[in-house]
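Below is one structure; the comments refer to it alone.
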Amino acid sequence: MSTDRIFKTTGAAVAAFSLIAVAALVPLVYSSQYGLGVLITMLILMVLNTSWNLLIGIAGVWNFGQLAVYAIGGYATGIIMLRTGLPGPVALIGGGLAGALISAMLAFPTLRLRGMYTALLTFSFAQIVNMVIVNDNTGLTGGPFGLPAVDGLFTSLSPDGSMRAYYWLALAVVVASLFAVALIRRSSFGLSLTALRDSAGFAAARGVNPLQTQVIVYAIAGFLAGIAGALAVSFDRSIGPEVMSLSLLSLYVTAIVVGGLGTIMGPIVGTAILTLLDTALVDEPALKFGILGVVLLLIVIFVPRGVFGALVELRDRVSDWIAEDPGDDDEAGDLELRPGGPAGAGGG
Amino acid sequence: MTDLLAILVNAVVLGSIYGLVAIGMTLIYGVLRVMDMSQGSMVMAGGFVAAGLMGQLGLPGAITIVAAFAVTFALGVLTQLISVQPLLNRKSIDFEMVTFITTFAVALIFANVALEAFGPQQRSVPPVVEGSIEIYNGVTIPYQSLVMAAVAVTIMVGLGLYLRRSRYGMAIRAVAENNSAARLMGVPVRRMFPLVMGVASGFAGIAGVFLAAQFFASPTAGDLPLLQALIVVILGGLGSMRGTIYAAYTIGLIQATVAVLISTTWSLPVLYAVIVLVLIFRPQGLAGKASEARL
C-alpha cells in the first residue's frame with residue numbers, strides 16, 4: 001500500500017510520521033505519573049472520538065449512542081478479565097467485538113431514520129443501556145457502582161513501566177484507528193458512505209447497498225469504540241455507568257465539532273484542545289461547561305469546518321497562492337499540490 | 001379503582017405539562033426547522049423567576065406567570081439571535097444539525113450562568129395555588145395541578161386557534177409549510193423567526209413556574225423536562241401540532257401507569273423503550289408526515 005493513497009502530499013506524510021515519532025518519545029523524557037495518566041486518557045478518548053467521527057462526520061449518521069457502545073466494550077473487557085483467566089489481549093479484542101456487535105445491531109433500526117430521529121433513537125438506546133446497567137442487581141456489572149478492581153494489563157511491570165506500556169499501547173491504537181479511518185475514507189467504501197450521506201436516494205440508485213454499507217460502518221466504528229472502552233477499563237482498572245453521562249456526551253461531541261467534523265485529524269485536534277482546557281480548568285470545574293458552550297458556539301458559527309478544517313483550508317489557500325504563477329495555467333498548481341514521486345513514499 | 005383514577009389524573013396533569021413544553025419545540029421546529037435544545041433552560045429560567053417573585057417577594061402566582069413569560073420570551077429571542085439567525089441561509093451546512101448543536105451550546109451557557117448566579121442548591125418554590133381536593137378516597141389532587149393543567153390546555157387551545165384563525169397565525173403556518181413561497185407572498189419571514197422562538201420559550205417558562213413549585217428551582221431543573229419534551233416531539237412526529245398533543249398525553253399516560261404500578265425509577269427507561277419501538281415501526285412518529293426517510 002503506498003502512502004499517497006492516505007496522505008495527499010509528501011508534507012502531510014512527513015508531518016504525520018514526525019508527529020507519531022515525537023509522541024512515541026514522550027514517555028522516555030517525561031516521567032510524571034499524573035501527566036502521563038492525563039495523556040493516556042487523552043489518547044483513549046482520541047480513539048473513541050475517531051470512531052465517533054467516522055459515524056457522524058464521514059458517514060453522516062447522527063449517532064448519540066456511541067458512549068454506550070464504548071461502555072459496553074469496557075464492561076465486556078472488564079467482565080472477561082474478572083471472570084475468566086483469558087490473557088489481556090484477548091479481553092481487549094473481546095471488548096472490541098462486543099462493541100462491534102452491539103453497534104452493528106443498532107444499524108438496523110436507524111437505517112430508515114433521518115437526522116434528528118436517528119439522534120433521538122441512538123440517544124434513547126444509550127439511555128436504556130445506562131438504565132439497564134444502573135438497575136442491574138445480578139452482580140454482573142456492579143450496578144450504579146460499576147465494576148470493581150479490574151486487573152488490567154501489564155500487571156508484571158513496575159508502575160513506571162506499565163504507565164509507559166499503556167501509553168505506547170494507546171498511541172499505537174490511535175495511530176492504527178487513524179490509518180483505518182483514512183483508508184476507509186479514500187476507498188470506494190468511503191465513497192459509498194459519503195454518497196449515502198450527501199444523497200441517499202441517488203447513492204442507492206447508483207448501486208450502493210444502504211443496509212450493507214451502514215452495518216459495516218457501524219461495526220467498524222463500534223469495534224474502535226469498544227477497543228477504546230477496553231483500554232479505558234484496563235487503564236482505570238474500573239468502569240461505571242457514569243462514563244455514559246450527558247455531560248461527557250456533550251464534552252466529546254464538542255471536541256469532535258471543534259476539531260473539525262468529518263476530517264481525519266479533527267477529533268485528534270479537538271480532543272487535545274479539550275484535554276488542555278480540562279487540565280487548565282481543573283480548579284474551576286464549574287466554569288468548564290460555560291466556557292465549552294461559548295467555544296462551541298463561536299466555532300460552529302465562525303469556523304464551521306472546525307480548527308483542523310480551517311487549518312487545512314488555510315494551507316490549501318497558501319499553497320494555491322504560492323503555486324499561482326502569472327502566465328502559468330492550473331496544471332502547474334496541480335503539480336505543486338500533489339508532488340507525488342519517489343520522495344512521497346519515504347515514510348512508509 | 002383508586003389506582004385507575006390516580007393514573008388517569010396523573011396522566012392528564014403530566015400530559016398537559018409535557019404538552020406545554022413540547023408544543024413550543026414543535027412550533028419552533030415547524031417554522032424554523034430547529035430542534036431547540038435551549039428549551040430546557042427556559043423551564044429552568046421560569047423556575048428561578050418563580051423562586052424570586054413568589055418565593056422571596058411573595059408576589060401572587062398570576063403576576064409570576066406573566067413575568068416568567070416575559071423573561072423567557074426575551075431569552076428566547078436572544079437565543080434565536082445568537083445561535084440561529086447567523087446560520088440562516090448559510091451554504092453547505094446541515095442546518096438542522098448545526099442549530100441543534102448551537103442551541104445546545106446556548107443551553108450549556110445558560111446552565112453555567114445560572115450556576116454562577118444562583119449556586120447549585122435546589123430552592124423550594126411555593127405552589128402557585130395552595131391546597132388540594134380529595135376526589136375519591138385516597139386520591140387527592142392539589143389545586144396547583146388543576147391550575148397547571150388548565151393553563152396548559154388553555155395555551156394549547158389558544159395557540160391552535162391563533163394559528164388557524166388569525167392573520168399572523170396564518171402567516172406562521174405559511175412559513176412552516178413553505179418558507180420561500182411565504183416570503184414571496186410578502187410574509188416578513190426573518191422578522192418572524194425571533195418572535196416564534198420567543199413565544200415558544202415563553203411557554204416553556206410558564207411550564208417552569210409550575211414545575212419549580214412541584215419540584216425545585218435549580219440550574220439543572222430543565223434537563224429532565226427537555227428530555228421528556230424531546231421524546232414527546234419525536235413521538236408526535238416533528239412539526240406536527242396535533243401529533244405533539246396526542247403524544248404528550250400518551251407519554252403522560254405511560255409514565256403515570258408505570259409510576260403507579262411499578263415505580264417512578266422505571267418510568268423514563270420505559271419511555272425510551274417505547275420511543276425505540278415507535279421509531280422502528282413508524283419512523284415518522286405518530287402523526288408526522290412521511291417525509292423523506294433517510295434511506
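Residue numbering restarts at 1 for every chain of the C-alpha cells, chains are lettered A, B, ... in their displayed order, and ligands are numbered from 1 as they appear.
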
Tell me the residues of chain B close to chain A, meaning within 9 Å using only C-alpha atoms, as a PDB file with C-alpha atoms, in the first residue's frame.
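Generated file (iface38.pdb):
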ATOM      1  CA  MET B  35     -34.646  21.361  17.286  1.00  0.00           C
ATOM      2  CA  ILE B  82     -27.124  34.452  18.675  1.00  0.00           C
ATOM      3  CA  SER B  83     -27.487  30.796  17.786  1.00  0.00           C
ATOM      4  CA  PRO B  86     -26.327  33.840  11.928  1.00  0.00           C
ATOM      5  CA  LEU B  87     -26.726  30.379  10.388  1.00  0.00           C
ATOM      6  CA  ILE B  93     -24.059  23.166   6.271  1.00  0.00           C
ATOM      7  CA  GLU B  96     -30.799  21.124  11.403  1.00  0.00           C
ATOM      8  CA  MET B  97     -27.760  19.523  12.969  1.00  0.00           C
ATOM      9  CA  VAL B  98     -25.737  22.708  13.290  1.00  0.00           C
ATOM     10  CA  PHE B 100     -29.110  21.532  17.229  1.00  0.00           C
ATOM     11  CA  ILE B 101     -25.510  21.970  18.355  1.00  0.00           C
ATOM     12  CA  THR B 102     -25.602  25.766  18.708  1.00  0.00           C
ATOM     13  CA  THR B 103     -28.829  25.806  20.732  1.00  0.00           C
ATOM     14  CA  PHE B 104     -27.306  23.082  22.865  1.00  0.00           C
ATOM     15  CA  ALA B 105     -24.256  25.311  23.366  1.00  0.00           C
ATOM     16  CA  VAL B 106     -26.572  28.129  24.450  1.00  0.00           C
ATOM     17  CA  ALA B 107     -28.211  25.749  26.926  1.00  0.00           C
ATOM     18  CA  LEU B 108     -24.776  24.915  28.368  1.00  0.00           C
ATOM     19  CA  ILE B 109     -24.048  28.628  28.736  1.00  0.00           C
ATOM     20  CA  PHE B 110     -27.399  29.390  30.402  1.00  0.00           C
ATOM     21  CA  ALA B 111     -26.958  26.494  32.835  1.00  0.00           C
ATOM     22  CA  ASN B 112     -23.493  27.800  33.725  1.00  0.00           C
ATOM     23  CA  VAL B 113     -24.704  31.375  34.177  1.00  0.00           C
ATOM     24  CA  LEU B 115     -24.930  28.069  38.401  1.00  0.00           C
ATOM     25  CA  GLU B 116     -22.648  31.075  38.880  1.00  0.00           C
ATOM     26  CA  LEU B 230     -37.855  15.675  23.110  1.00  0.00           C
ATOM     27  CA  ILE B 231     -39.482  12.278  23.483  1.00  0.00           C
ATOM     28  CA  ILE B 234     -40.302  12.847  18.269  1.00  0.00           C
ATOM     29  CA  LEU B 238     -41.573  16.503  14.116  1.00  0.00           C
ATOM     30  CA  TRP B 266     -38.666   2.878  35.711  1.00  0.00           C
ATOM     31  CA  LEU B 268     -38.030   7.026  31.970  1.00  0.00           C
ATOM     32  CA  PRO B 269     -36.469   3.716  30.798  1.00  0.00           C
ATOM     33  CA  VAL B 270     -39.914   2.517  29.734  1.00  0.00           C
ATOM     34  CA  LEU B 271     -40.441   5.747  27.785  1.00  0.00           C
ATOM     35  CA  TYR B 272     -37.152   5.293  25.958  1.00  0.00           C
ATOM     36  CA  ALA B 273     -38.084   1.726  25.120  1.00  0.00           C
ATOM     37  CA  ILE B 275     -39.555   5.535  21.623  1.00  0.00           C
ATOM     38  CA  VAL B 276     -37.219   2.914  20.193  1.00  0.00           C
ATOM     39  CA  LEU B 279     -39.262   4.712  15.677  1.00  0.00           C
ATOM     40  CA  ILE B 280     -38.588   1.189  14.448  1.00  0.00           C
ATOM     41  CA  PHE B 281     -42.161   0.673  13.292  1.00  0.00           C
ATOM     42  CA  PRO B 283     -40.108   6.227  11.624  1.00  0.00           C
ATOM     43  CA  GLN B 284     -42.096   9.432  11.158  1.00  0.00           C
ATOM     44  CA  GLU B 292     -38.088  11.802   3.134  1.00  0.00           C
ATOM     45  CA  ALA B 293     -36.816   8.950   5.268  1.00  0.00           C
ATOM     46  CA  ARG B 294     -33.060   8.732   5.330  1.00  0.00           C
ATOM     47  CA  LEU B 295     -32.913   5.765   3.013  1.00  0.00           C
TER      48      LEU B 295
END

Give the strand (DSSP E) residues of segment 22-248 of chain B, as assigned by DSSP on the backbone, as an MDAnalysis selection string. chainID B and resid 132:136 139:142

Spatial neighbours of Val147 of chain B, max dist 12 Å, only C-alpha atoms, sep filter under 4 positions, as a ChimeraX atom specification: /B:12-13,16-17,61-62,65,127-132,141-143,151-154,206-207,209-210

Okay, now the selection with C-alpha atoms, as a compact mmCIF listing (two decimals), in the first residue's frame?
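Everything below was put into part-v1.txt:
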# COMPACT_ATOMS: atom_id res chain seq x y z
CA VAL B 12 -53.80 14.40 32.38
CA VAL B 13 -51.60 16.55 34.60
CA SER B 16 -50.57 18.85 29.97
CA ILE B 17 -47.22 19.97 31.28
CA GLY B 61 -48.98 33.43 41.06
CA ALA B 62 -50.62 35.27 38.17
CA ILE B 65 -46.56 33.62 35.38
CA PRO B 127 -47.14 26.42 44.79
CA VAL B 128 -48.98 28.83 42.53
CA VAL B 129 -52.20 27.92 44.34
CA GLU B 130 -52.32 26.35 47.81
CA GLY B 131 -54.49 23.48 48.92
CA SER B 132 -55.83 20.28 47.41
CA ILE B 141 -55.34 16.48 43.51
CA PRO B 142 -53.51 19.62 44.54
CA TYR B 143 -55.18 22.76 43.17
CA VAL B 151 -53.29 26.85 31.95
CA ALA B 152 -51.55 24.34 29.69
CA VAL B 153 -54.75 23.33 27.93
CA THR B 154 -55.81 26.97 27.54
CA ILE B 206 -44.63 29.19 32.22
CA ALA B 207 -44.21 25.43 32.49
CA VAL B 209 -43.05 28.13 37.12
CA PHE B 210 -45.39 25.19 37.75

Between atom CA of Gly74 of chain A and atom CA of Ala230 of chain A, distance in Å (one decimal):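 Value for the atom CA of Gly74 of chain A-atom CA of Ala230 of chain A distance: 4.3 Å.
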
Which one is closest to Leu191 of chain A: A:Ala255, A:Ile133, A:Ala280, A:Val208? Count only C-alpha atoms.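 Distance minimum relative to Leu191 of chain A lands on A:Val208.
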
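Near segment 67-74 of chain B, within 9 Å and counting only C-alpha atoms, sit Met42, Val43, Ala45, Gly46, Gly47, Phe48, Val49, Ala50, Leu53, Ala62, Ile63, Leu78, Thr79, Leu195, Met197, Gly198, Val199, Ala200, Ser201, Gly202, Phe203, Ala204, Gly205, Ile206, Gly208 and Val209 of chain B, not including residues fewer than 4 positions from it in the same chain.
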
Atoms to include: C-alpha atoms. Write the selected residues as a PDB file, in the first residue's frame.
ATOM      1  CA  MET B  42     -36.275  28.218  29.612  1.00  0.00           C
ATOM      2  CA  VAL B  43     -38.004  25.831  32.033  1.00  0.00           C
ATOM      3  CA  ALA B  45     -35.278  30.199  33.977  1.00  0.00           C
ATOM      4  CA  GLY B  46     -39.030  30.172  34.620  1.00  0.00           C
ATOM      5  CA  GLY B  47     -38.298  28.255  37.799  1.00  0.00           C
ATOM      6  CA  PHE B  48     -35.860  30.899  39.006  1.00  0.00           C
ATOM      7  CA  VAL B  49     -38.322  33.683  38.211  1.00  0.00           C
ATOM      8  CA  ALA B  50     -40.850  31.804  40.358  1.00  0.00           C
ATOM      9  CA  LEU B  53     -41.022  36.551  42.737  1.00  0.00           C
ATOM     10  CA  ALA B  62     -50.617  35.275  38.171  1.00  0.00           C
ATOM     11  CA  ILE B  63     -48.022  38.056  38.172  1.00  0.00           C
ATOM     12  CA  LEU B  78     -31.780  36.343  22.424  1.00  0.00           C
ATOM     13  CA  THR B  79     -31.114  32.636  21.817  1.00  0.00           C
ATOM     14  CA  LEU B 195     -40.841  36.102  17.608  1.00  0.00           C
ATOM     15  CA  MET B 197     -38.803  31.323  19.280  1.00  0.00           C
ATOM     16  CA  GLY B 198     -39.620  33.924  21.937  1.00  0.00           C
ATOM     17  CA  VAL B 199     -43.247  32.821  22.258  1.00  0.00           C
ATOM     18  CA  ALA B 200     -42.297  29.130  22.388  1.00  0.00           C
ATOM     19  CA  SER B 201     -39.676  29.862  25.036  1.00  0.00           C
ATOM     20  CA  GLY B 202     -42.298  31.797  26.975  1.00  0.00           C
ATOM     21  CA  PHE B 203     -44.484  28.681  27.101  1.00  0.00           C
ATOM     22  CA  ALA B 204     -41.559  26.693  28.485  1.00  0.00           C
ATOM     23  CA  GLY B 205     -41.016  29.474  31.028  1.00  0.00           C
ATOM     24  CA  ILE B 206     -44.626  29.189  32.220  1.00  0.00           C
ATOM     25  CA  GLY B 208     -41.072  26.141  34.514  1.00  0.00           C
ATOM     26  CA  VAL B 209     -43.054  28.128  37.117  1.00  0.00           C
TER      27      VAL B 209
END

Find the residues near Thr140 of chain B: any atom within 12 Å, counting only C-alpha atoms, skip ones fewer than 3 places away on the same chain, and give them as a tab-separated table (two decimals) with C-alpha atoms, in the first residue's frame.
chain	number	residue	atom	x	y	z
B	2	THR	CA	-58.07	4.12	43.22
B	3	ASP	CA	-55.10	3.11	41.07
B	5	LEU	CA	-58.21	7.08	38.98
B	6	ALA	CA	-54.75	8.08	40.17
B	7	ILE	CA	-53.30	7.00	36.83
B	9	VAL	CA	-55.49	12.13	36.91
B	10	ASN	CA	-51.71	11.98	36.76
B	131	GLY	CA	-54.49	23.48	48.92
B	132	SER	CA	-55.83	20.28	47.41
B	133	ILE	CA	-59.07	18.48	46.85
B	134	GLU	CA	-59.95	14.83	47.52
B	135	ILE	CA	-61.94	13.42	44.62
B	136	TYR	CA	-62.15	9.81	45.76
B	137	ASN	CA	-60.98	8.04	48.87
B	143	TYR	CA	-55.18	22.76	43.17
B	144	GLN	CA	-51.79	23.58	41.74
B	145	SER	CA	-52.04	20.57	39.38
B	146	LEU	CA	-55.54	21.57	38.31

Write out as number ranges by chain all residues of segment 82-190 of chain A that DSSP puts in alpha helix (DSSP H) for this structure's backbone. A: 82-83, 88-110, 115-134, 159-186, 188-190

Skipping near chain neighbours, those fewer than 5 positions away, what residues fall within 8 Å of Asn49 of chain A using only C-alpha atoms, listed as a ChimeraX atom specification? /A:252,256,267-268,271

Create the file for the chosen residues now, containing N, CA and C atoms and written as a JSON list (two decimals), in the first residue's frame.
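Output (result.json):
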[["chain", "number", "residue", "atom", "x", "y", "z"],
["A", 252, "TYR", "N", -17.62, 15.38, 24.51],
["A", 252, "TYR", "CA", -16.95, 14.69, 23.41],
["A", 252, "TYR", "C", -17.47, 15.18, 22.06],
["A", 256, "ILE", "N", -15.29, 16.91, 18.99],
["A", 256, "ILE", "CA", -15.28, 16.49, 17.58],
["A", 256, "ILE", "C", -15.62, 17.67, 16.68],
["A", 267, "PRO", "N", -10.91, 15.01, 15.17],
["A", 267, "PRO", "CA", -11.14, 14.53, 16.53],
["A", 267, "PRO", "C", -9.87, 14.56, 17.37],
["A", 268, "ILE", "N", -8.71, 14.37, 16.71],
["A", 268, "ILE", "CA", -7.44, 14.38, 17.44],
["A", 268, "ILE", "C", -7.19, 15.79, 17.99],
["A", 271, "THR", "N", -9.83, 16.68, 20.65],
["A", 271, "THR", "CA", -9.62, 16.02, 21.94],
["A", 271, "THR", "C", -8.43, 16.64, 22.67]]

Record the distance separating atom CA of Ala71 of chain A and atom CA of Pro144 of chain A, expressed in Å with one decimal.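 It comes out at 13.2 Å.
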